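Source file: run-v6.txt. Holds: compact mmCIF, N, CA and C atoms.
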# COMPACT_ATOMS: atom_id res chain seq x y z
N MET A 255 61.39 30.35 -98.15
CA MET A 255 61.95 29.29 -98.96
C MET A 255 62.25 28.10 -98.05
N LEU A 256 61.61 27.02 -98.34
CA LEU A 256 61.75 25.84 -97.51
C LEU A 256 63.03 25.06 -97.78
N GLN A 257 63.78 25.40 -98.81
CA GLN A 257 64.97 24.62 -99.13
C GLN A 257 66.23 25.18 -98.47
N ARG A 258 66.10 26.04 -97.49
CA ARG A 258 67.27 26.58 -96.81
C ARG A 258 67.83 25.57 -95.82
N ILE A 259 69.10 25.75 -95.47
CA ILE A 259 69.78 24.80 -94.59
C ILE A 259 69.20 24.84 -93.17
N GLN A 260 68.74 26.01 -92.71
CA GLN A 260 68.19 26.08 -91.36
C GLN A 260 66.88 25.31 -91.26
N THR A 261 66.17 25.14 -92.36
CA THR A 261 64.96 24.34 -92.34
C THR A 261 65.28 22.88 -92.03
N ILE A 262 66.39 22.40 -92.56
CA ILE A 262 66.81 21.02 -92.29
C ILE A 262 67.15 20.86 -90.81
N TRP A 263 67.84 21.84 -90.23
CA TRP A 263 68.22 21.75 -88.82
C TRP A 263 66.98 21.80 -87.92
N VAL A 264 66.01 22.66 -88.25
CA VAL A 264 64.79 22.73 -87.45
C VAL A 264 63.99 21.43 -87.62
N PHE A 265 63.99 20.88 -88.82
CA PHE A 265 63.30 19.61 -89.05
C PHE A 265 63.95 18.48 -88.25
N LEU A 266 65.27 18.48 -88.15
CA LEU A 266 65.95 17.47 -87.33
C LEU A 266 65.57 17.62 -85.85
N ALA A 267 65.40 18.86 -85.39
CA ALA A 267 64.96 19.09 -84.01
C ALA A 267 63.53 18.58 -83.81
N VAL A 268 62.68 18.76 -84.81
CA VAL A 268 61.31 18.24 -84.73
C VAL A 268 61.33 16.71 -84.69
N LEU A 269 62.20 16.11 -85.50
CA LEU A 269 62.34 14.65 -85.47
C LEU A 269 62.82 14.15 -84.11
N ALA A 270 63.71 14.89 -83.48
CA ALA A 270 64.17 14.51 -82.15
C ALA A 270 63.02 14.55 -81.15
N ALA A 271 62.12 15.54 -81.28
CA ALA A 271 60.95 15.60 -80.40
C ALA A 271 60.00 14.43 -80.66
N VAL A 272 59.86 14.05 -81.92
CA VAL A 272 59.01 12.91 -82.25
C VAL A 272 59.61 11.62 -81.69
N PHE A 273 60.93 11.45 -81.81
CA PHE A 273 61.58 10.27 -81.26
C PHE A 273 61.45 10.23 -79.73
N LEU A 274 61.54 11.39 -79.09
CA LEU A 274 61.34 11.44 -77.64
C LEU A 274 59.92 11.05 -77.27
N PHE A 275 58.96 11.48 -78.08
CA PHE A 275 57.56 11.12 -77.84
C PHE A 275 57.37 9.61 -77.92
N VAL A 276 58.04 9.00 -78.90
CA VAL A 276 57.90 7.55 -79.10
C VAL A 276 58.64 6.78 -78.01
N THR A 277 59.85 7.18 -77.69
CA THR A 277 60.64 6.42 -76.71
C THR A 277 60.31 6.78 -75.27
N GLY A 278 59.63 7.88 -75.04
CA GLY A 278 59.34 8.32 -73.69
C GLY A 278 58.04 7.77 -73.13
N GLN A 279 57.60 6.62 -73.61
CA GLN A 279 56.34 6.04 -73.15
C GLN A 279 56.38 5.62 -71.68
N ASP A 280 57.56 5.23 -71.20
CA ASP A 280 57.66 4.72 -69.83
C ASP A 280 58.09 5.78 -68.82
N VAL A 281 58.25 7.02 -69.26
CA VAL A 281 58.69 8.09 -68.36
C VAL A 281 57.49 8.58 -67.56
N ALA A 282 57.57 8.41 -66.26
CA ALA A 282 56.52 8.88 -65.35
C ALA A 282 57.17 9.82 -64.34
N VAL A 283 57.07 11.12 -64.59
CA VAL A 283 57.74 12.10 -63.75
C VAL A 283 56.83 12.57 -62.64
N SER A 284 55.61 12.95 -62.98
CA SER A 284 54.73 13.53 -61.96
C SER A 284 53.38 12.81 -61.95
N GLY A 285 53.38 11.57 -61.57
CA GLY A 285 52.13 10.84 -61.43
C GLY A 285 51.46 10.56 -62.75
N ASN A 286 50.22 11.00 -62.88
CA ASN A 286 49.43 10.71 -64.08
C ASN A 286 49.50 11.79 -65.14
N ILE A 287 50.21 12.88 -64.88
CA ILE A 287 50.29 13.98 -65.83
C ILE A 287 51.37 13.65 -66.87
N PRO A 288 51.00 13.58 -68.14
CA PRO A 288 51.98 13.23 -69.18
C PRO A 288 52.82 14.46 -69.58
N VAL A 289 53.76 14.84 -68.75
CA VAL A 289 54.56 16.05 -68.99
C VAL A 289 55.39 15.91 -70.26
N ILE A 290 55.99 14.76 -70.45
CA ILE A 290 56.86 14.54 -71.61
C ILE A 290 56.05 14.61 -72.90
N HIS A 291 54.87 14.00 -72.90
CA HIS A 291 54.06 14.00 -74.11
C HIS A 291 53.55 15.40 -74.47
N ILE A 292 53.14 16.15 -73.47
CA ILE A 292 52.67 17.52 -73.72
C ILE A 292 53.82 18.37 -74.26
N ALA A 293 55.00 18.24 -73.67
CA ALA A 293 56.16 19.02 -74.13
C ALA A 293 56.56 18.62 -75.54
N CYS A 294 56.50 17.34 -75.86
CA CYS A 294 56.87 16.89 -77.21
C CYS A 294 55.89 17.41 -78.25
N ILE A 295 54.60 17.39 -77.93
CA ILE A 295 53.61 17.92 -78.87
C ILE A 295 53.82 19.41 -79.06
N ALA A 296 54.11 20.14 -77.98
CA ALA A 296 54.38 21.58 -78.09
C ALA A 296 55.63 21.82 -78.93
N LEU A 297 56.67 21.00 -78.75
CA LEU A 297 57.90 21.17 -79.52
C LEU A 297 57.67 20.91 -81.00
N VAL A 298 56.87 19.92 -81.33
CA VAL A 298 56.58 19.64 -82.73
C VAL A 298 55.80 20.79 -83.36
N LEU A 299 54.80 21.30 -82.64
CA LEU A 299 54.00 22.41 -83.18
C LEU A 299 54.84 23.68 -83.34
N ILE A 300 55.66 23.98 -82.35
CA ILE A 300 56.52 25.16 -82.44
C ILE A 300 57.54 25.00 -83.58
N GLY A 301 58.09 23.80 -83.72
CA GLY A 301 59.04 23.55 -84.80
C GLY A 301 58.42 23.68 -86.17
N LEU A 302 57.22 23.14 -86.35
CA LEU A 302 56.55 23.26 -87.65
C LEU A 302 56.16 24.71 -87.93
N LEU A 303 55.74 25.44 -86.91
CA LEU A 303 55.44 26.86 -87.08
C LEU A 303 56.71 27.63 -87.46
N SER A 304 57.83 27.24 -86.86
CA SER A 304 59.10 27.89 -87.19
C SER A 304 59.52 27.59 -88.62
N ILE A 305 59.31 26.37 -89.06
CA ILE A 305 59.67 26.01 -90.44
C ILE A 305 58.86 26.82 -91.44
N PHE A 306 57.56 26.96 -91.18
CA PHE A 306 56.71 27.63 -92.15
C PHE A 306 56.63 29.14 -91.96
N SER A 307 57.38 29.70 -91.02
CA SER A 307 57.45 31.16 -90.91
C SER A 307 58.82 31.63 -91.42
N PHE A 308 59.19 31.13 -92.58
CA PHE A 308 60.49 31.44 -93.15
C PHE A 308 60.59 32.87 -93.65
N LYS A 309 59.47 33.55 -93.86
CA LYS A 309 59.52 34.94 -94.31
C LYS A 309 59.82 35.91 -93.18
N ASN A 310 59.52 35.51 -91.96
CA ASN A 310 59.75 36.36 -90.80
C ASN A 310 60.86 35.73 -89.96
N ARG A 311 62.09 36.13 -90.23
CA ARG A 311 63.26 35.50 -89.60
C ARG A 311 63.33 35.80 -88.10
N LYS A 312 62.87 36.98 -87.68
CA LYS A 312 62.89 37.29 -86.25
C LYS A 312 61.94 36.39 -85.48
N ARG A 313 60.77 36.12 -86.03
CA ARG A 313 59.84 35.20 -85.39
C ARG A 313 60.42 33.79 -85.37
N GLN A 314 61.12 33.42 -86.43
CA GLN A 314 61.73 32.10 -86.50
C GLN A 314 62.79 31.93 -85.42
N ILE A 315 63.61 32.96 -85.20
CA ILE A 315 64.62 32.91 -84.14
C ILE A 315 63.95 32.84 -82.77
N LEU A 316 62.87 33.61 -82.58
CA LEU A 316 62.14 33.59 -81.31
C LEU A 316 61.54 32.21 -81.03
N LEU A 317 60.93 31.62 -82.04
CA LEU A 317 60.35 30.29 -81.87
C LEU A 317 61.42 29.24 -81.58
N ASN A 318 62.57 29.36 -82.24
CA ASN A 318 63.67 28.43 -81.97
C ASN A 318 64.21 28.61 -80.55
N ASN A 319 64.27 29.85 -80.08
CA ASN A 319 64.73 30.08 -78.71
C ASN A 319 63.74 29.51 -77.69
N ILE A 320 62.46 29.66 -77.94
CA ILE A 320 61.45 29.08 -77.06
C ILE A 320 61.57 27.56 -77.05
N SER A 321 61.79 27.00 -78.22
CA SER A 321 61.95 25.55 -78.32
C SER A 321 63.21 25.07 -77.60
N MET A 322 64.28 25.86 -77.66
CA MET A 322 65.50 25.49 -76.94
C MET A 322 65.27 25.53 -75.42
N ILE A 323 64.50 26.50 -74.95
CA ILE A 323 64.21 26.57 -73.51
C ILE A 323 63.38 25.36 -73.07
N ILE A 324 62.39 25.00 -73.86
CA ILE A 324 61.57 23.83 -73.53
C ILE A 324 62.43 22.57 -73.54
N ASN A 325 63.33 22.45 -74.52
CA ASN A 325 64.22 21.29 -74.57
C ASN A 325 65.17 21.26 -73.38
N ALA A 326 65.66 22.41 -72.96
CA ALA A 326 66.54 22.44 -71.79
C ALA A 326 65.79 22.00 -70.53
N LEU A 327 64.54 22.43 -70.40
CA LEU A 327 63.72 21.98 -69.27
C LEU A 327 63.46 20.48 -69.34
N LEU A 328 63.25 19.98 -70.55
CA LEU A 328 63.06 18.54 -70.72
C LEU A 328 64.31 17.75 -70.35
N ILE A 329 65.47 18.29 -70.68
CA ILE A 329 66.72 17.62 -70.29
C ILE A 329 66.79 17.52 -68.77
N GLY A 330 66.47 18.61 -68.08
CA GLY A 330 66.47 18.60 -66.63
C GLY A 330 65.48 17.61 -66.04
N VAL A 331 64.27 17.56 -66.59
CA VAL A 331 63.24 16.64 -66.10
C VAL A 331 63.67 15.20 -66.33
N LEU A 332 64.23 14.92 -67.51
CA LEU A 332 64.62 13.55 -67.82
C LEU A 332 65.83 13.09 -67.00
N VAL A 333 66.76 13.99 -66.75
CA VAL A 333 67.89 13.63 -65.89
C VAL A 333 67.41 13.39 -64.47
N TYR A 334 66.48 14.20 -63.99
CA TYR A 334 65.88 13.99 -62.67
C TYR A 334 65.20 12.62 -62.61
N TRP A 335 64.48 12.28 -63.67
CA TRP A 335 63.81 10.98 -63.73
C TRP A 335 64.82 9.85 -63.72
N LEU A 336 65.92 10.00 -64.48
CA LEU A 336 66.94 8.96 -64.51
C LEU A 336 67.62 8.78 -63.16
N LEU A 337 67.87 9.88 -62.48
CA LEU A 337 68.55 9.79 -61.19
C LEU A 337 67.65 9.20 -60.10
N ASN A 338 66.35 9.32 -60.25
CA ASN A 338 65.44 8.76 -59.25
C ASN A 338 65.07 7.31 -59.51
N LEU A 339 65.47 6.77 -60.65
CA LEU A 339 65.23 5.35 -60.90
C LEU A 339 66.19 4.52 -60.08
N SER A 340 65.78 3.35 -59.73
CA SER A 340 66.66 2.49 -58.94
C SER A 340 67.68 1.81 -59.84
N GLY A 341 68.85 1.51 -59.29
CA GLY A 341 69.85 0.77 -60.02
C GLY A 341 70.98 1.59 -60.59
N GLY A 342 71.12 2.85 -60.22
CA GLY A 342 72.21 3.66 -60.73
C GLY A 342 71.87 4.28 -62.08
N ILE A 343 72.87 4.88 -62.69
CA ILE A 343 72.65 5.54 -63.97
C ILE A 343 73.54 4.88 -65.02
N GLN A 344 73.00 3.91 -65.70
CA GLN A 344 73.70 3.25 -66.79
C GLN A 344 72.79 3.34 -68.01
N PHE A 345 73.28 3.94 -69.07
CA PHE A 345 72.44 4.23 -70.21
C PHE A 345 71.84 2.99 -70.88
N PRO A 346 72.57 1.88 -71.05
CA PRO A 346 71.92 0.75 -71.72
C PRO A 346 70.71 0.23 -70.95
N GLU A 347 70.72 0.34 -69.62
CA GLU A 347 69.58 -0.13 -68.85
C GLU A 347 68.46 0.89 -68.80
N LYS A 348 68.78 2.16 -68.73
CA LYS A 348 67.79 3.18 -68.43
C LYS A 348 67.12 3.79 -69.67
N GLY A 349 67.80 3.88 -70.76
CA GLY A 349 67.22 4.51 -71.93
C GLY A 349 68.02 5.71 -72.39
N ILE A 350 67.61 6.21 -73.53
CA ILE A 350 68.35 7.32 -74.13
C ILE A 350 67.49 8.57 -74.24
N GLU A 351 66.49 8.68 -73.41
CA GLU A 351 65.55 9.81 -73.51
C GLU A 351 66.21 11.18 -73.40
N PRO A 352 67.19 11.42 -72.50
CA PRO A 352 67.76 12.77 -72.43
C PRO A 352 68.63 13.15 -73.63
N VAL A 353 68.98 12.19 -74.46
CA VAL A 353 69.83 12.49 -75.61
C VAL A 353 69.04 13.26 -76.68
N PHE A 354 67.76 12.94 -76.85
CA PHE A 354 66.96 13.58 -77.89
C PHE A 354 66.79 15.08 -77.69
N PRO A 355 66.47 15.58 -76.49
CA PRO A 355 66.41 17.03 -76.33
C PRO A 355 67.77 17.71 -76.50
N LEU A 356 68.85 17.00 -76.14
CA LEU A 356 70.18 17.56 -76.33
C LEU A 356 70.49 17.72 -77.82
N ILE A 357 70.13 16.73 -78.60
CA ILE A 357 70.31 16.82 -80.05
C ILE A 357 69.47 17.95 -80.62
N ALA A 358 68.25 18.10 -80.12
CA ALA A 358 67.37 19.17 -80.59
C ALA A 358 67.93 20.55 -80.27
N VAL A 359 68.51 20.72 -79.08
CA VAL A 359 69.09 22.02 -78.72
C VAL A 359 70.26 22.35 -79.64
N ILE A 360 71.09 21.37 -79.93
CA ILE A 360 72.23 21.59 -80.82
C ILE A 360 71.75 21.95 -82.22
N CYS A 361 70.76 21.23 -82.73
CA CYS A 361 70.23 21.51 -84.07
C CYS A 361 69.59 22.90 -84.14
N LEU A 362 68.86 23.28 -83.11
CA LEU A 362 68.22 24.60 -83.11
C LEU A 362 69.25 25.71 -82.99
N PHE A 363 70.33 25.47 -82.24
CA PHE A 363 71.39 26.46 -82.14
C PHE A 363 72.05 26.68 -83.51
N ILE A 364 72.32 25.60 -84.22
CA ILE A 364 72.92 25.72 -85.56
C ILE A 364 71.94 26.40 -86.52
N ALA A 365 70.64 26.09 -86.41
CA ALA A 365 69.64 26.73 -87.26
C ALA A 365 69.60 28.23 -87.00
N ASN A 366 69.70 28.65 -85.73
CA ASN A 366 69.71 30.08 -85.43
C ASN A 366 70.94 30.77 -86.01
N ILE A 367 72.06 30.09 -86.04
CA ILE A 367 73.27 30.67 -86.66
C ILE A 367 73.01 30.96 -88.14
N TYR A 368 72.41 30.01 -88.84
CA TYR A 368 72.14 30.20 -90.27
C TYR A 368 71.05 31.25 -90.51
N ILE A 369 70.06 31.33 -89.63
CA ILE A 369 69.01 32.34 -89.77
C ILE A 369 69.60 33.74 -89.57
N ARG A 370 70.48 33.90 -88.58
CA ARG A 370 71.13 35.19 -88.37
C ARG A 370 72.02 35.56 -89.56
N ARG A 371 72.66 34.57 -90.15
CA ARG A 371 73.49 34.81 -91.33
C ARG A 371 72.63 35.32 -92.49
N ASP A 372 71.45 34.73 -92.68
CA ASP A 372 70.53 35.21 -93.72
C ASP A 372 70.05 36.62 -93.41
N GLU A 373 69.78 36.90 -92.16
CA GLU A 373 69.32 38.24 -91.77
C GLU A 373 70.39 39.28 -92.07
N ARG A 374 71.64 38.96 -91.76
CA ARG A 374 72.74 39.90 -92.08
C ARG A 374 72.88 40.09 -93.59
N LEU A 375 72.70 39.03 -94.36
CA LEU A 375 72.80 39.13 -95.81
C LEU A 375 71.70 40.02 -96.37
N VAL A 376 70.49 39.89 -95.86
CA VAL A 376 69.38 40.71 -96.33
C VAL A 376 69.61 42.18 -95.97
N LYS A 377 70.10 42.42 -94.75
CA LYS A 377 70.38 43.81 -94.35
C LYS A 377 71.50 44.43 -95.18
N SER A 378 72.49 43.64 -95.54
CA SER A 378 73.59 44.20 -96.36
C SER A 378 73.12 44.51 -97.77
N VAL A 379 72.21 43.72 -98.30
CA VAL A 379 71.68 43.98 -99.62
C VAL A 379 70.78 45.21 -99.58
N ASP A 380 70.02 45.39 -98.50
CA ASP A 380 69.16 46.57 -98.37
C ASP A 380 69.99 47.85 -98.27
N ARG A 381 71.18 47.77 -97.71
CA ARG A 381 72.03 48.96 -97.63
C ARG A 381 72.53 49.40 -99.01
N LEU A 382 72.67 48.45 -99.92
CA LEU A 382 73.17 48.78 -101.25
C LEU A 382 72.12 49.50 -102.09
N ARG A 383 70.87 49.36 -101.76
CA ARG A 383 69.81 49.98 -102.58
C ARG A 383 69.74 51.42 -102.33
Could you quickly redo this structure as C-alpha cells?
Amino acid sequence: MLQRIQTIWVFLAVLAAVFLFVTGQDVAVSGNIPVIHIACIALVLIGLLSIFSFKNRKRQILLNNISMIINALLIGVLVYWLLNLSGGIQFPEKGIEPVFPLIAVICLFIANIYIRRDERLVKSVDRLR
C-alpha cells in the first residue's frame, strides 16, 4: 500500500538525494570521478525500490538501512570536502550539501520506525488466528 506514512518518509529521503544531485554540481572530491552523482543515483534507485517493495517489509528495512549507510558516507565525504575548501567553514559561502544526506538519514530512520510498527501489528494479528 503506497499510502502508508513510511512511504512519505522514504519519498522525502529520495527528494533529499535529488536535491543533493542538483546542488552538488560543484563538488569535486576525487578528481574527475563523480562520486556524489553516482551515490545520489544509487540513493534514488534504492529509495524507489524501497517504496515499491511495500509487501516485503524486511526487504524495505534492509534497503533503508543500506540507504542510511550510503547517506552517512556521503555526509563524511561532503564534510571532508567542506573542510578542504579554502576560507574556513561558513555555510552561506560554502553551500548546504551536507544537510541533504542528514535530512535523508533522519527521514529513513523515522520510516524504519513505522515499518517496524507495521511488522509488529501484522505479527500480532497473525497470533490471533
Could you name the residues that touch range 359-373 of chain A at 9 Å or less, counting only C-alpha atoms, but leaving out those on the same chain fewer than 2 positions away, as a VMD selection string? chain A and resid 258 to 267 311 to 312 314 to 315 318 to 319 321 to 323 325 to 326 354 to 357 375 to 378
Using N, CA and C atoms, can you write the selected residues to a file as an mmCIF file, keeping the file's coordinate frame?
data_model
loop_
_atom_site.group_PDB
_atom_site.id
_atom_site.type_symbol
_atom_site.label_atom_id
_atom_site.label_comp_id
_atom_site.auth_asym_id
_atom_site.auth_seq_id
_atom_site.Cartn_x
_atom_site.Cartn_y
_atom_site.Cartn_z
ATOM 1 N N ARG A 258 66.100 26.040 -97.490
ATOM 2 C CA ARG A 258 67.270 26.580 -96.810
ATOM 3 C C ARG A 258 67.830 25.570 -95.820
ATOM 4 N N ILE A 259 69.100 25.750 -95.470
ATOM 5 C CA ILE A 259 69.780 24.800 -94.590
ATOM 6 C C ILE A 259 69.200 24.840 -93.170
ATOM 7 N N GLN A 260 68.740 26.010 -92.710
ATOM 8 C CA GLN A 260 68.190 26.080 -91.360
ATOM 9 C C GLN A 260 66.880 25.310 -91.260
ATOM 10 N N THR A 261 66.170 25.140 -92.360
ATOM 11 C CA THR A 261 64.960 24.340 -92.340
ATOM 12 C C THR A 261 65.280 22.880 -92.030
ATOM 13 N N ILE A 262 66.390 22.400 -92.560
ATOM 14 C CA ILE A 262 66.810 21.020 -92.290
ATOM 15 C C ILE A 262 67.150 20.860 -90.810
ATOM 16 N N TRP A 263 67.840 21.840 -90.230
ATOM 17 C CA TRP A 263 68.220 21.750 -88.820
ATOM 18 C C TRP A 263 66.980 21.800 -87.920
ATOM 19 N N VAL A 264 66.010 22.660 -88.250
ATOM 20 C CA VAL A 264 64.790 22.730 -87.450
ATOM 21 C C VAL A 264 63.990 21.430 -87.620
ATOM 22 N N PHE A 265 63.990 20.880 -88.820
ATOM 23 C CA PHE A 265 63.300 19.610 -89.050
ATOM 24 C C PHE A 265 63.950 18.480 -88.250
ATOM 25 N N LEU A 266 65.270 18.480 -88.150
ATOM 26 C CA LEU A 266 65.950 17.470 -87.330
ATOM 27 C C LEU A 266 65.570 17.620 -85.850
ATOM 28 N N ALA A 267 65.400 18.860 -85.390
ATOM 29 C CA ALA A 267 64.960 19.090 -84.010
ATOM 30 C C ALA A 267 63.530 18.580 -83.810
ATOM 31 N N ARG A 311 62.090 36.130 -90.230
ATOM 32 C CA ARG A 311 63.260 35.500 -89.600
ATOM 33 C C ARG A 311 63.330 35.800 -88.100
ATOM 34 N N LYS A 312 62.870 36.980 -87.680
ATOM 35 C CA LYS A 312 62.890 37.290 -86.250
ATOM 36 C C LYS A 312 61.940 36.390 -85.480
ATOM 37 N N GLN A 314 61.120 33.420 -86.430
ATOM 38 C CA GLN A 314 61.730 32.100 -86.500
ATOM 39 C C GLN A 314 62.790 31.930 -85.420
ATOM 40 N N ILE A 315 63.610 32.960 -85.200
ATOM 41 C CA ILE A 315 64.620 32.910 -84.140
ATOM 42 C C ILE A 315 63.950 32.840 -82.770
ATOM 43 N N ASN A 318 62.570 29.360 -82.240
ATOM 44 C CA ASN A 318 63.670 28.430 -81.970
ATOM 45 C C ASN A 318 64.210 28.610 -80.550
ATOM 46 N N ASN A 319 64.270 29.850 -80.080
ATOM 47 C CA ASN A 319 64.730 30.080 -78.710
ATOM 48 C C ASN A 319 63.740 29.510 -77.690
ATOM 49 N N SER A 321 61.790 27.000 -78.220
ATOM 50 C CA SER A 321 61.950 25.550 -78.320
ATOM 51 C C SER A 321 63.210 25.070 -77.600
ATOM 52 N N MET A 322 64.280 25.860 -77.660
ATOM 53 C CA MET A 322 65.500 25.490 -76.940
ATOM 54 C C MET A 322 65.270 25.530 -75.420
ATOM 55 N N ILE A 323 64.500 26.500 -74.950
ATOM 56 C CA ILE A 323 64.210 26.570 -73.510
ATOM 57 C C ILE A 323 63.380 25.360 -73.070
ATOM 58 N N ASN A 325 63.330 22.450 -74.520
ATOM 59 C CA ASN A 325 64.220 21.290 -74.570
ATOM 60 C C ASN A 325 65.170 21.260 -73.380
ATOM 61 N N ALA A 326 65.660 22.410 -72.960
ATOM 62 C CA ALA A 326 66.540 22.440 -71.790
ATOM 63 C C ALA A 326 65.790 22.000 -70.530
ATOM 64 N N PHE A 354 67.760 12.940 -76.850
ATOM 65 C CA PHE A 354 66.960 13.580 -77.890
ATOM 66 C C PHE A 354 66.790 15.080 -77.690
ATOM 67 N N PRO A 355 66.470 15.580 -76.490
ATOM 68 C CA PRO A 355 66.410 17.030 -76.330
ATOM 69 C C PRO A 355 67.770 17.710 -76.500
ATOM 70 N N LEU A 356 68.850 17.000 -76.140
ATOM 71 C CA LEU A 356 70.180 17.560 -76.330
ATOM 72 C C LEU A 356 70.490 17.720 -77.820
ATOM 73 N N ILE A 357 70.130 16.730 -78.600
ATOM 74 C CA ILE A 357 70.310 16.820 -80.050
ATOM 75 C C ILE A 357 69.470 17.950 -80.620
ATOM 76 N N LEU A 375 72.700 39.030 -94.360
ATOM 77 C CA LEU A 375 72.800 39.130 -95.810
ATOM 78 C C LEU A 375 71.700 40.020 -96.370
ATOM 79 N N VAL A 376 70.490 39.890 -95.860
ATOM 80 C CA VAL A 376 69.380 40.710 -96.330
ATOM 81 C C VAL A 376 69.610 42.180 -95.970
ATOM 82 N N LYS A 377 70.100 42.420 -94.750
ATOM 83 C CA LYS A 377 70.380 43.810 -94.350
ATOM 84 C C LYS A 377 71.500 44.430 -95.180
ATOM 85 N N SER A 378 72.490 43.640 -95.540
ATOM 86 C CA SER A 378 73.590 44.200 -96.360
ATOM 87 C C SER A 378 73.120 44.510 -97.770
#
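Take the candidates A:Ala358, A:Ile350, A:Val379, A:Leu336 and check each one against Leu269 in chain A using all atoms listed in the file; the shortest distance goes to A:Ala358.
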Counting only C-alpha atoms, figure out which residue out of A:Leu328, A:Phe308, A:Phe273, A:Gln257 gets nearest to Ala293 in chain A.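 Checking each candidate against Ala293 in chain A, we get A:Leu328 as the closest.
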Atom pair CA of Ile324 in chain A / CA of Arg374 in chain A: separation (Å): 27.0 Å
Enter the distance from CA of Val353 in chain A to CA of His291 in chain A, in Å, rounded to one decimal.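 Here the two named atoms are 15.9 Å from each other.
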Residues at most 10 Å from Leu303 in chain A, counting only C-alpha atoms, excluding those fewer than 3 positions away in the same chain, as a PyMOL selection string? chain A and resi 297-300+306-308+313-314+317-318
Shortest interatomic distance to Thr277 in chain A - which of A:Glu351, A:Leu327, A:Ile295, A:Leu316, counting all atoms listed in the file: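 Answer, going by the shortest atom-to-atom distance: A:Glu351.
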Which of A:Leu337, A:Ala270, A:Val331, A:Ala282 sits closest to Cys294 in chain A [using all atoms listed in the file]: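 With all atoms listed in the file as the atom set, the closest residue is A:Ala270.
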Separation of CA of Val333 in chain A from CA of Ile292 in chain A in Å: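 Interatomic distance, CA of Ile292 in chain A to CA of Val333 in chain A: 17.6 Å.
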Write down as a PyMOL selection string the residues belonging to chain A that are assigned alpha helix (DSSP H) by DSSP computed on the backbone. chain A and resi 259-277+289-306+311-338+345-348+353-382
May I ask you to restore N, CA, C and O atoms in range 362-373 of chain A and write the result as a PDB file, in the coordinates of the input?
ATOM      1  N   LEU A 362      68.860  23.280 -83.110  1.00  0.00           N
ATOM      2  CA  LEU A 362      68.220  24.600 -83.110  1.00  0.00           C
ATOM      3  C   LEU A 362      69.250  25.710 -82.990  1.00  0.00           C
ATOM      4  O   LEU A 362      69.090  26.784 -83.583  1.00  0.00           O
ATOM      5  N   PHE A 363      70.330  25.470 -82.240  1.00  0.00           N
ATOM      6  CA  PHE A 363      71.390  26.460 -82.140  1.00  0.00           C
ATOM      7  C   PHE A 363      72.050  26.680 -83.510  1.00  0.00           C
ATOM      8  O   PHE A 363      72.289  27.828 -83.916  1.00  0.00           O
ATOM      9  N   ILE A 364      72.320  25.600 -84.220  1.00  0.00           N
ATOM     10  CA  ILE A 364      72.920  25.720 -85.560  1.00  0.00           C
ATOM     11  C   ILE A 364      71.940  26.400 -86.520  1.00  0.00           C
ATOM     12  O   ILE A 364      72.345  27.239 -87.343  1.00  0.00           O
ATOM     13  N   ALA A 365      70.640  26.090 -86.410  1.00  0.00           N
ATOM     14  CA  ALA A 365      69.640  26.730 -87.260  1.00  0.00           C
ATOM     15  C   ALA A 365      69.600  28.230 -87.000  1.00  0.00           C
ATOM     16  O   ALA A 365      69.502  29.027 -87.948  1.00  0.00           O
ATOM     17  N   ASN A 366      69.700  28.650 -85.730  1.00  0.00           N
ATOM     18  CA  ASN A 366      69.710  30.080 -85.430  1.00  0.00           C
ATOM     19  C   ASN A 366      70.940  30.770 -86.010  1.00  0.00           C
ATOM     20  O   ASN A 366      70.859  31.928 -86.423  1.00  0.00           O
ATOM     21  N   ILE A 367      72.060  30.090 -86.040  1.00  0.00           N
ATOM     22  CA  ILE A 367      73.270  30.670 -86.660  1.00  0.00           C
ATOM     23  C   ILE A 367      73.010  30.960 -88.140  1.00  0.00           C
ATOM     24  O   ILE A 367      73.315  32.048 -88.641  1.00  0.00           O
ATOM     25  N   TYR A 368      72.410  30.010 -88.840  1.00  0.00           N
ATOM     26  CA  TYR A 368      72.140  30.200 -90.270  1.00  0.00           C
ATOM     27  C   TYR A 368      71.050  31.250 -90.510  1.00  0.00           C
ATOM     28  O   TYR A 368      71.093  31.996 -91.485  1.00  0.00           O
ATOM     29  N   ILE A 369      70.060  31.330 -89.630  1.00  0.00           N
ATOM     30  CA  ILE A 369      69.010  32.340 -89.770  1.00  0.00           C
ATOM     31  C   ILE A 369      69.600  33.740 -89.570  1.00  0.00           C
ATOM     32  O   ILE A 369      69.290  34.668 -90.331  1.00  0.00           O
ATOM     33  N   ARG A 370      70.480  33.900 -88.580  1.00  0.00           N
ATOM     34  CA  ARG A 370      71.130  35.190 -88.370  1.00  0.00           C
ATOM     35  C   ARG A 370      72.020  35.560 -89.560  1.00  0.00           C
ATOM     36  O   ARG A 370      72.120  36.736 -89.928  1.00  0.00           O
ATOM     37  N   ARG A 371      72.660  34.570 -90.150  1.00  0.00           N
ATOM     38  CA  ARG A 371      73.490  34.810 -91.330  1.00  0.00           C
ATOM     39  C   ARG A 371      72.630  35.320 -92.490  1.00  0.00           C
ATOM     40  O   ARG A 371      73.020  36.247 -93.207  1.00  0.00           O
ATOM     41  N   ASP A 372      71.450  34.730 -92.680  1.00  0.00           N
ATOM     42  CA  ASP A 372      70.530  35.210 -93.720  1.00  0.00           C
ATOM     43  C   ASP A 372      70.050  36.620 -93.410  1.00  0.00           C
ATOM     44  O   ASP A 372      69.921  37.444 -94.327  1.00  0.00           O
ATOM     45  N   GLU A 373      69.780  36.900 -92.160  1.00  0.00           N
ATOM     46  CA  GLU A 373      69.320  38.240 -91.770  1.00  0.00           C
ATOM     47  C   GLU A 373      70.390  39.280 -92.070  1.00  0.00           C
ATOM     48  O   GLU A 373      70.097  40.360 -92.581  1.00  0.00           O
TER      49      GLU A 373
END
